[in-house]
Amino acid sequence: MTAPVLILGATSDIGRAIAHCFAAQGYPLQLAARQRSRLELDKADLEIRYGVSVSVHEFDVLAVETHADFVQQLPQQPAIVICVVGLMPDQKECEQNLPLALKVMRTNYEGPAIVLSLFAQRFEQQGFGTLVGISSVAGERGRASNYFYGSAKAGFTAFLSGLRHRLAQSGVQVLTVLPGYVNTRMTEGMKLPSLLTAEPQEVANAIFTAIAKKKDVIYVRPIWRWIMVVIRSIPESLFKRLSL
């Protein structure tokens, strides 16, 4: 029997798109989110639509003290773990509300890093498996407009890079996904340029292909790779005068 794909943050738009992408290819699924009840309709839809097995699980990325039990209590060990968890409130709100700023940093870095570390230990012992983390181009250079979110994603990107280096000889794949703008509830109300904005299904398809091709790092829309090369190369003295 095929080992399942575990999606952490499965109630998100990207998480749902990933679930449909893998289910369409016959993969059984484990869907995890903070409110398990919100996953029941997805479970029924996926099982009926694709004829695959789907289980749902309670998972709070901030409750890191529960992560070990969460991993231990899964009914079957997954072969692929995809962390889609994220939080991106307004930067100004974070500046005025430090508990919110802390939540942003813990949601985007601390929690995902801890839970993926636990799966990494298991995958390393068995000699195979795939770990996927959705990070962000916002982590490639700090900007005034989103540096709480961006700094957390920078930490997560560095974590995934280090984890990939550690597991390079173990047979375990670690994939870093850098989507750029994505048309989701998290970006609702933002004016996003269509050329740079992916749809959730586009992200899901890119992840599926990247896993199959054993990729390490992907920009969902390749143009972002070159945009970030330019942004990273701007001298700090000039960068400080730009509005980004």
# chains A, B, ... in the order shown; residues from 1 in each chain; ligands from 1
$ select_by_dssp --residues "segment 79-231 of chain A" --states "helix (DSSP H, G or I)" --output "MDAnalysis selection string"
chainID A and resid 91:96 98:126 137:140 147:166 185:187 194:196 200:212 223:231
$ closest_residue --among "A:Leu160, A:Val52, A:Ala44, A:Ala154" --to "Gly26 of chain A" --atoms "only C-alpha atoms"
A:Val52
$ select_by_dssp --residues "segment 11-134 of chain A" --states "strand (DSSP E)" --output "PyMOL selection string"
chain A and resi 29-33+54-58+80-83+129-134
$ write_last_selection --atoms "all heavy atoms" --output "short mmCIF file (atom, residue, chain, number, x, y, z; two decimals), in the first residue's frame"
data_model
loop_
_atom_site.label_atom_id
_atom_site.label_comp_id
_atom_site.auth_asym_id
_atom_site.auth_seq_id
_atom_site.Cartn_x
_atom_site.Cartn_y
_atom_site.Cartn_z
N LEU A 29 -4.10 10.36 1.62
CA LEU A 29 -3.78 11.65 2.24
C LEU A 29 -4.00 11.64 3.74
O LEU A 29 -4.91 10.96 4.24
CB LEU A 29 -4.63 12.76 1.63
CG LEU A 29 -4.50 13.02 0.13
CD1 LEU A 29 -5.56 14.03 -0.30
CD2 LEU A 29 -3.11 13.52 -0.21
N GLN A 30 -3.19 12.40 4.43
CA GLN A 30 -3.41 12.76 5.82
C GLN A 30 -3.49 14.29 5.86
O GLN A 30 -2.53 14.97 5.52
CB GLN A 30 -2.28 12.26 6.71
CG GLN A 30 -2.16 10.74 6.77
CD GLN A 30 -0.91 10.28 7.47
OE1 GLN A 30 0.10 10.96 7.50
NE2 GLN A 30 -0.96 9.08 8.05
N LEU A 31 -4.63 14.81 6.24
CA LEU A 31 -4.85 16.26 6.29
C LEU A 31 -4.80 16.73 7.74
O LEU A 31 -5.49 16.18 8.59
CB LEU A 31 -6.21 16.61 5.68
CG LEU A 31 -6.50 16.08 4.27
CD1 LEU A 31 -7.88 16.53 3.83
CD2 LEU A 31 -5.43 16.53 3.28
N ALA A 32 -3.98 17.73 8.00
CA ALA A 32 -3.82 18.21 9.38
C ALA A 32 -4.00 19.72 9.43
O ALA A 32 -3.50 20.45 8.57
CB ALA A 32 -2.44 17.82 9.92
N ALA A 33 -4.72 20.17 10.46
CA ALA A 33 -4.96 21.60 10.65
C ALA A 33 -5.37 21.85 12.09
O ALA A 33 -5.67 20.91 12.83
CB ALA A 33 -6.04 22.12 9.69
N VAL A 54 -8.45 9.02 2.99
CA VAL A 54 -8.11 10.32 3.59
C VAL A 54 -8.39 10.27 5.08
O VAL A 54 -9.48 9.86 5.50
CB VAL A 54 -8.93 11.47 2.96
CG1 VAL A 54 -8.54 12.81 3.58
CG2 VAL A 54 -8.74 11.51 1.44
N SER A 55 -7.41 10.66 5.89
CA SER A 55 -7.65 10.80 7.33
C SER A 55 -7.40 12.26 7.72
O SER A 55 -6.66 12.98 7.05
CB SER A 55 -6.73 9.87 8.13
OG SER A 55 -5.36 10.17 7.88
N VAL A 56 -8.04 12.71 8.79
CA VAL A 56 -7.91 14.10 9.23
C VAL A 56 -7.37 14.12 10.66
O VAL A 56 -7.67 13.24 11.48
CB VAL A 56 -9.25 14.86 9.14
CG1 VAL A 56 -9.71 14.95 7.69
CG2 VAL A 56 -10.33 14.20 9.98
N HIS A 57 -6.58 15.15 10.96
CA HIS A 57 -5.85 15.19 12.22
C HIS A 57 -5.76 16.62 12.75
O HIS A 57 -5.63 17.57 11.98
CB HIS A 57 -4.43 14.63 12.03
CG HIS A 57 -4.43 13.29 11.37
ND1 HIS A 57 -4.57 12.12 12.08
CD2 HIS A 57 -4.34 12.94 10.06
CE1 HIS A 57 -4.55 11.11 11.24
NE2 HIS A 57 -4.41 11.57 10.01
N GLU A 58 -5.81 16.74 14.07
CA GLU A 58 -5.65 18.03 14.74
C GLU A 58 -4.17 18.35 14.84
O GLU A 58 -3.37 17.53 15.29
CB GLU A 58 -6.25 17.95 16.15
CG GLU A 58 -6.52 19.30 16.79
CD GLU A 58 -7.91 19.83 16.49
OE1 GLU A 58 -8.74 19.08 15.94
OE2 GLU A 58 -8.17 21.00 16.82
N ILE A 80 5.64 11.45 2.35
CA ILE A 80 5.86 12.85 1.97
C ILE A 80 5.16 13.73 3.01
O ILE A 80 4.00 13.50 3.34
CB ILE A 80 5.28 13.15 0.58
CG1 ILE A 80 5.94 12.27 -0.49
CG2 ILE A 80 5.44 14.62 0.22
CD1 ILE A 80 5.28 12.35 -1.86
N VAL A 81 5.88 14.72 3.51
CA VAL A 81 5.31 15.69 4.45
C VAL A 81 5.45 17.08 3.82
O VAL A 81 6.55 17.50 3.47
CB VAL A 81 6.01 15.68 5.82
CG1 VAL A 81 5.41 16.74 6.73
CG2 VAL A 81 5.91 14.29 6.44
N ILE A 82 4.32 17.76 3.67
CA ILE A 82 4.31 19.09 3.05
C ILE A 82 3.78 20.09 4.07
O ILE A 82 2.64 20.00 4.50
CB ILE A 82 3.45 19.12 1.78
CG1 ILE A 82 3.92 18.02 0.80
CG2 ILE A 82 3.51 20.49 1.12
CD1 ILE A 82 3.05 17.88 -0.43
N CYS A 83 4.62 21.06 4.45
CA CYS A 83 4.21 22.07 5.42
C CYS A 83 3.80 23.34 4.69
O CYS A 83 4.63 24.03 4.09
CB CYS A 83 5.35 22.37 6.39
SG CYS A 83 4.86 23.50 7.71
N GLY A 129 12.14 9.29 2.00
CA GLY A 129 11.08 10.21 2.38
C GLY A 129 11.33 11.58 1.79
O GLY A 129 12.44 11.89 1.33
N THR A 130 10.29 12.39 1.78
CA THR A 130 10.37 13.74 1.23
C THR A 130 9.77 14.74 2.20
O THR A 130 8.65 14.53 2.69
CB THR A 130 9.64 13.82 -0.12
OG1 THR A 130 10.26 12.94 -1.06
CG2 THR A 130 9.69 15.24 -0.67
N LEU A 131 10.50 15.80 2.47
CA LEU A 131 10.04 16.90 3.32
C LEU A 131 9.94 18.16 2.46
O LEU A 131 10.90 18.51 1.76
CB LEU A 131 11.02 17.14 4.47
CG LEU A 131 11.24 15.96 5.42
CD1 LEU A 131 12.44 16.21 6.31
CD2 LEU A 131 9.99 15.70 6.25
N VAL A 132 8.79 18.81 2.50
CA VAL A 132 8.57 20.00 1.68
C VAL A 132 8.17 21.16 2.59
O VAL A 132 7.24 21.04 3.39
CB VAL A 132 7.45 19.77 0.64
CG1 VAL A 132 7.25 21.02 -0.21
CG2 VAL A 132 7.78 18.56 -0.23
N GLY A 133 8.88 22.27 2.45
CA GLY A 133 8.53 23.47 3.20
C GLY A 133 8.22 24.61 2.25
O GLY A 133 9.01 24.90 1.35
N ILE A 134 7.08 25.25 2.45
CA ILE A 134 6.75 26.42 1.63
C ILE A 134 7.27 27.65 2.35
O ILE A 134 6.76 28.05 3.40
CB ILE A 134 5.25 26.52 1.36
CG1 ILE A 134 4.80 25.31 0.53
CG2 ILE A 134 4.92 27.82 0.65
CD1 ILE A 134 3.39 25.37 0.05
#
$ residues_around --residues "segment 120-122 of chain A" --least-positions-apart "3" --cutoff "10 Å" --atoms "only C-alpha atoms" --output "list in words"
Val71, Gln77, Val81, Ile114, Val115, Leu116, Ser117, Gln125, Gln126, Gly127, Phe128, Gly129, Thr130, Leu131, Leu163, Arg164, Arg166, Leu167, Val172, Gln173 and Val174 of chain A
$ residues_around --residues "Val84 of chain A" --least-positions-apart "3" --cutoff "12 Å" --atoms "only C-alpha atoms" --output "PDB file with N, CA, C and O atoms, in the first residue's frame"
ATOM      1  N   LEU A   6       1.234  13.658   3.886  1.00  0.00           N
ATOM      2  CA  LEU A   6       0.731  14.461   5.000  1.00  0.00           C
ATOM      3  C   LEU A   6       0.825  15.930   4.635  1.00  0.00           C
ATOM      4  O   LEU A   6       1.902  16.418   4.265  1.00  0.00           O
ATOM      5  N   ILE A   7      -0.287  16.647   4.755  1.00  0.00           N
ATOM      6  CA  ILE A   7      -0.323  18.082   4.470  1.00  0.00           C
ATOM      7  C   ILE A   7      -0.617  18.826   5.766  1.00  0.00           C
ATOM      8  O   ILE A   7      -1.696  18.678   6.349  1.00  0.00           O
ATOM      9  N   LEU A   8       0.352  19.596   6.229  1.00  0.00           N
ATOM     10  CA  LEU A   8       0.208  20.408   7.431  1.00  0.00           C
ATOM     11  C   LEU A   8      -0.260  21.798   7.023  1.00  0.00           C
ATOM     12  O   LEU A   8       0.419  22.492   6.263  1.00  0.00           O
ATOM     13  N   GLY A   9      -1.421  22.202   7.527  1.00  0.00           N
ATOM     14  CA  GLY A   9      -2.027  23.456   7.080  1.00  0.00           C
ATOM     15  C   GLY A   9      -2.989  23.190   5.937  1.00  0.00           C
ATOM     16  O   GLY A   9      -3.080  23.959   4.984  1.00  0.00           O
ATOM     17  N   ALA A  10      -3.722  22.086   6.041  1.00  0.00           N
ATOM     18  CA  ALA A  10      -4.523  21.593   4.920  1.00  0.00           C
ATOM     19  C   ALA A  10      -5.787  22.397   4.653  1.00  0.00           C
ATOM     20  O   ALA A  10      -6.439  22.179   3.627  1.00  0.00           O
ATOM     21  N   THR A  11      -6.160  23.319   5.545  1.00  0.00           N
ATOM     22  CA  THR A  11      -7.344  24.132   5.275  1.00  0.00           C
ATOM     23  C   THR A  11      -7.008  25.376   4.449  1.00  0.00           C
ATOM     24  O   THR A  11      -7.910  26.098   4.037  1.00  0.00           O
ATOM     25  N   SER A  12      -5.739  25.628   4.217  1.00  0.00           N
ATOM     26  CA  SER A  12      -5.342  26.781   3.401  1.00  0.00           C
ATOM     27  C   SER A  12      -5.675  26.522   1.936  1.00  0.00           C
ATOM     28  O   SER A  12      -5.868  25.378   1.515  1.00  0.00           O
ATOM     29  N   ASP A  13      -5.731  27.583   1.145  1.00  0.00           N
ATOM     30  CA  ASP A  13      -6.026  27.427  -0.274  1.00  0.00           C
ATOM     31  C   ASP A  13      -4.960  26.575  -0.968  1.00  0.00           C
ATOM     32  O   ASP A  13      -5.286  25.710  -1.788  1.00  0.00           O
ATOM     33  N   ILE A  14      -3.701  26.817  -0.634  1.00  0.00           N
ATOM     34  CA  ILE A  14      -2.629  26.034  -1.243  1.00  0.00           C
ATOM     35  C   ILE A  14      -2.690  24.586  -0.748  1.00  0.00           C
ATOM     36  O   ILE A  14      -2.496  23.640  -1.518  1.00  0.00           O
ATOM     37  N   GLY A  15      -2.956  24.413   0.540  1.00  0.00           N
ATOM     38  CA  GLY A  15      -3.063  23.068   1.090  1.00  0.00           C
ATOM     39  C   GLY A  15      -4.148  22.260   0.402  1.00  0.00           C
ATOM     40  O   GLY A  15      -3.956  21.073   0.074  1.00  0.00           O
ATOM     41  N   ARG A  16      -5.285  22.867   0.157  1.00  0.00           N
ATOM     42  CA  ARG A  16      -6.382  22.163  -0.521  1.00  0.00           C
ATOM     43  C   ARG A  16      -5.997  21.822  -1.965  1.00  0.00           C
ATOM     44  O   ARG A  16      -6.308  20.731  -2.463  1.00  0.00           O
ATOM     45  N   ALA A  17      -5.327  22.750  -2.625  1.00  0.00           N
ATOM     46  CA  ALA A  17      -4.904  22.488  -4.004  1.00  0.00           C
ATOM     47  C   ALA A  17      -3.912  21.330  -4.063  1.00  0.00           C
ATOM     48  O   ALA A  17      -3.972  20.475  -4.953  1.00  0.00           O
ATOM     49  N   ILE A  18      -3.001  21.285  -3.098  1.00  0.00           N
ATOM     50  CA  ILE A  18      -2.031  20.185  -3.031  1.00  0.00           C
ATOM     51  C   ILE A  18      -2.752  18.861  -2.802  1.00  0.00           C
ATOM     52  O   ILE A  18      -2.419  17.838  -3.417  1.00  0.00           O
ATOM     53  N   ALA A  19      -3.737  18.868  -1.924  1.00  0.00           N
ATOM     54  CA  ALA A  19      -4.492  17.641  -1.652  1.00  0.00           C
ATOM     55  C   ALA A  19      -5.142  17.108  -2.920  1.00  0.00           C
ATOM     56  O   ALA A  19      -5.068  15.907  -3.223  1.00  0.00           O
ATOM     57  N   LEU A  31      -4.633  14.814   6.243  1.00  0.00           N
ATOM     58  CA  LEU A  31      -4.851  16.259   6.289  1.00  0.00           C
ATOM     59  C   LEU A  31      -4.800  16.728   7.735  1.00  0.00           C
ATOM     60  O   LEU A  31      -5.491  16.175   8.592  1.00  0.00           O
ATOM     61  N   ALA A  32      -3.982  17.732   8.003  1.00  0.00           N
ATOM     62  CA  ALA A  32      -3.821  18.211   9.381  1.00  0.00           C
ATOM     63  C   ALA A  32      -4.005  19.720   9.430  1.00  0.00           C
ATOM     64  O   ALA A  32      -3.497  20.451   8.572  1.00  0.00           O
ATOM     65  N   ALA A  33      -4.725  20.173  10.456  1.00  0.00           N
ATOM     66  CA  ALA A  33      -4.958  21.604  10.645  1.00  0.00           C
ATOM     67  C   ALA A  33      -5.365  21.846  12.090  1.00  0.00           C
ATOM     68  O   ALA A  33      -5.666  20.910  12.828  1.00  0.00           O
ATOM     69  N   VAL A  61       0.449  24.293  14.929  1.00  0.00           N
ATOM     70  CA  VAL A  61       1.870  24.531  14.681  1.00  0.00           C
ATOM     71  C   VAL A  61       2.535  25.290  15.819  1.00  0.00           C
ATOM     72  O   VAL A  61       3.743  25.143  16.054  1.00  0.00           O
ATOM     73  N   VAL A  81       5.881  14.722   3.514  1.00  0.00           N
ATOM     74  CA  VAL A  81       5.307  15.694   4.446  1.00  0.00           C
ATOM     75  C   VAL A  81       5.445  17.076   3.821  1.00  0.00           C
ATOM     76  O   VAL A  81       6.554  17.503   3.473  1.00  0.00           O
ATOM     77  N   LEU A  87       1.399  32.581   8.139  1.00  0.00           N
ATOM     78  CA  LEU A  87       0.605  33.697   8.660  1.00  0.00           C
ATOM     79  C   LEU A  87       1.260  34.993   8.223  1.00  0.00           C
ATOM     80  O   LEU A  87       2.451  35.209   8.473  1.00  0.00           O
ATOM     81  N   THR A 107       4.827  31.068  13.833  1.00  0.00           N
ATOM     82  CA  THR A 107       4.018  30.316  12.867  1.00  0.00           C
ATOM     83  C   THR A 107       4.794  30.018  11.593  1.00  0.00           C
ATOM     84  O   THR A 107       4.668  28.938  11.013  1.00  0.00           O
ATOM     85  N   ASN A 108       5.595  30.982  11.156  1.00  0.00           N
ATOM     86  CA  ASN A 108       6.290  30.831   9.883  1.00  0.00           C
ATOM     87  C   ASN A 108       7.655  30.164   9.992  1.00  0.00           C
ATOM     88  O   ASN A 108       8.193  29.723   8.972  1.00  0.00           O
ATOM     89  N   TYR A 109       8.204  30.102  11.204  1.00  0.00           N
ATOM     90  CA  TYR A 109       9.526  29.495  11.330  1.00  0.00           C
ATOM     91  C   TYR A 109       9.597  28.434  12.423  1.00  0.00           C
ATOM     92  O   TYR A 109       9.821  27.250  12.150  1.00  0.00           O
ATOM     93  N   GLY A 111       7.501  26.749  14.545  1.00  0.00           N
ATOM     94  CA  GLY A 111       6.638  25.568  14.494  1.00  0.00           C
ATOM     95  C   GLY A 111       6.948  24.652  13.312  1.00  0.00           C
ATOM     96  O   GLY A 111       7.144  23.440  13.502  1.00  0.00           O
ATOM     97  N   PRO A 112       7.003  25.185  12.089  1.00  0.00           N
ATOM     98  CA  PRO A 112       7.340  24.334  10.951  1.00  0.00           C
ATOM     99  C   PRO A 112       8.701  23.648  11.084  1.00  0.00           C
ATOM    100  O   PRO A 112       8.844  22.469  10.731  1.00  0.00           O
ATOM    101  N   ALA A 113       9.692  24.369  11.606  1.00  0.00           N
ATOM    102  CA  ALA A 113      11.025  23.778  11.755  1.00  0.00           C
ATOM    103  C   ALA A 113      11.017  22.622  12.745  1.00  0.00           C
ATOM    104  O   ALA A 113      11.638  21.575  12.512  1.00  0.00           O
ATOM    105  N   LEU A 116       9.049  19.486  11.208  1.00  0.00           N
ATOM    106  CA  LEU A 116       9.811  18.848  10.136  1.00  0.00           C
ATOM    107  C   LEU A 116      11.065  18.170  10.679  1.00  0.00           C
ATOM    108  O   LEU A 116      11.502  17.143  10.139  1.00  0.00           O
ATOM    109  N   LEU A 131      10.501  15.802   2.470  1.00  0.00           N
ATOM    110  CA  LEU A 131      10.041  16.900   3.315  1.00  0.00           C
ATOM    111  C   LEU A 131       9.944  18.155   2.455  1.00  0.00           C
ATOM    112  O   LEU A 131      10.902  18.507   1.761  1.00  0.00           O
ATOM    113  N   VAL A 132       8.794  18.811   2.501  1.00  0.00           N
ATOM    114  CA  VAL A 132       8.569  19.998   1.685  1.00  0.00           C
ATOM    115  C   VAL A 132       8.174  21.157   2.591  1.00  0.00           C
ATOM    116  O   VAL A 132       7.239  21.039   3.393  1.00  0.00           O
ATOM    117  N   GLY A 133       8.877  22.268   2.454  1.00  0.00           N
ATOM    118  CA  GLY A 133       8.534  23.471   3.200  1.00  0.00           C
ATOM    119  C   GLY A 133       8.225  24.612   2.255  1.00  0.00           C
ATOM    120  O   GLY A 133       9.009  24.897   1.346  1.00  0.00           O
ATOM    121  N   ILE A 134       7.080  25.252   2.450  1.00  0.00           N
ATOM    122  CA  ILE A 134       6.755  26.416   1.634  1.00  0.00           C
ATOM    123  C   ILE A 134       7.273  27.652   2.354  1.00  0.00           C
ATOM    124  O   ILE A 134       6.757  28.055   3.402  1.00  0.00           O
ATOM    125  N   SER A 135       8.318  28.232   1.802  1.00  0.00           N
ATOM    126  CA  SER A 135       8.896  29.438   2.361  1.00  0.00           C
ATOM    127  C   SER A 135       8.425  30.630   1.529  1.00  0.00           C
ATOM    128  O   SER A 135       7.274  30.636   1.069  1.00  0.00           O
ATOM    129  N   SER A 136       9.278  31.618   1.305  1.00  0.00           N
ATOM    130  CA  SER A 136       8.829  32.809   0.582  1.00  0.00           C
ATOM    131  C   SER A 136      10.014  33.587   0.042  1.00  0.00           C
ATOM    132  O   SER A 136      11.084  33.632   0.671  1.00  0.00           O
ATOM    133  N   THR A 176      12.571  23.100  -0.886  1.00  0.00           N
ATOM    134  CA  THR A 176      12.180  24.456  -0.506  1.00  0.00           C
ATOM    135  C   THR A 176      11.369  25.053  -1.645  1.00  0.00           C
ATOM    136  O   THR A 176      11.822  25.096  -2.787  1.00  0.00           O
ATOM    137  N   VAL A 177      10.173  25.539  -1.326  1.00  0.00           N
ATOM    138  CA  VAL A 177       9.273  26.111  -2.334  1.00  0.00           C
ATOM    139  C   VAL A 177       9.149  27.610  -2.090  1.00  0.00           C
ATOM    140  O   VAL A 177       8.809  28.050  -0.984  1.00  0.00           O
ATOM    141  N   LEU A 178       9.428  28.388  -3.124  1.00  0.00           N
ATOM    142  CA  LEU A 178       9.357  29.851  -3.057  1.00  0.00           C
ATOM    143  C   LEU A 178       8.294  30.308  -4.062  1.00  0.00           C
ATOM    144  O   LEU A 178       8.595  30.499  -5.244  1.00  0.00           O
ATOM    145  N   PRO A 179       7.056  30.483  -3.611  1.00  0.00           N
ATOM    146  CA  PRO A 179       5.971  30.742  -4.562  1.00  0.00           C
ATOM    147  C   PRO A 179       5.923  32.166  -5.128  1.00  0.00           C
ATOM    148  O   PRO A 179       5.364  32.365  -6.200  1.00  0.00           O
ATOM    149  N   PRO A 200      -3.199  28.823  -6.589  1.00  0.00           N
ATOM    150  CA  PRO A 200      -2.878  27.690  -5.700  1.00  0.00           C
ATOM    151  C   PRO A 200      -2.605  26.392  -6.448  1.00  0.00           C
ATOM    152  O   PRO A 200      -1.681  25.651  -6.096  1.00  0.00           O
ATOM    153  N   VAL A 203       0.872  26.244  -7.771  1.00  0.00           N
ATOM    154  CA  VAL A 203       1.834  25.898  -6.725  1.00  0.00           C
ATOM    155  C   VAL A 203       1.828  24.395  -6.479  1.00  0.00           C
ATOM    156  O   VAL A 203       2.879  23.751  -6.392  1.00  0.00           O
ATOM    157  N   ALA A 204       0.634  23.821  -6.385  1.00  0.00           N
ATOM    158  CA  ALA A 204       0.505  22.382  -6.139  1.00  0.00           C
ATOM    159  C   ALA A 204       1.164  21.577  -7.252  1.00  0.00           C
ATOM    160  O   ALA A 204       1.910  20.619  -6.994  1.00  0.00           O
ATOM    161  N   ILE A 207       4.956  21.725  -7.026  1.00  0.00           N
ATOM    162  CA  ILE A 207       5.478  20.868  -5.953  1.00  0.00           C
ATOM    163  C   ILE A 207       5.491  19.416  -6.392  1.00  0.00           C
ATOM    164  O   ILE A 207       6.485  18.699  -6.198  1.00  0.00           O
TER     165      ILE A 207
END
$ atom_distance --atom1 "atom CA of Gly180 of chain A" --atom2 "atom CA of Ser243 of chain A"
18.3 Å
$ residues_around --residues "Tyr181 of chain A" --least-positions-apart "6" --cutoff "10 Å" --atoms "only C-alpha atoms" --output "JSON, numbers by chain"
{"A": [136, 137, 138, 187, 190, 192, 193, 194, 195, 196, 197, 198, 199, 220, 221, 224]}
$ atom_distance --atom1 "atom CA of Gly171 of chain A" --atom2 "atom CA of Lys215 of chain A"
13.0 Å
$ closest_residue --among "A:Glu110, A:Ala3, A:Ala144, A:Glu40" --to "Thr157 of chain A" --atoms "only C-alpha atoms"
A:Glu110
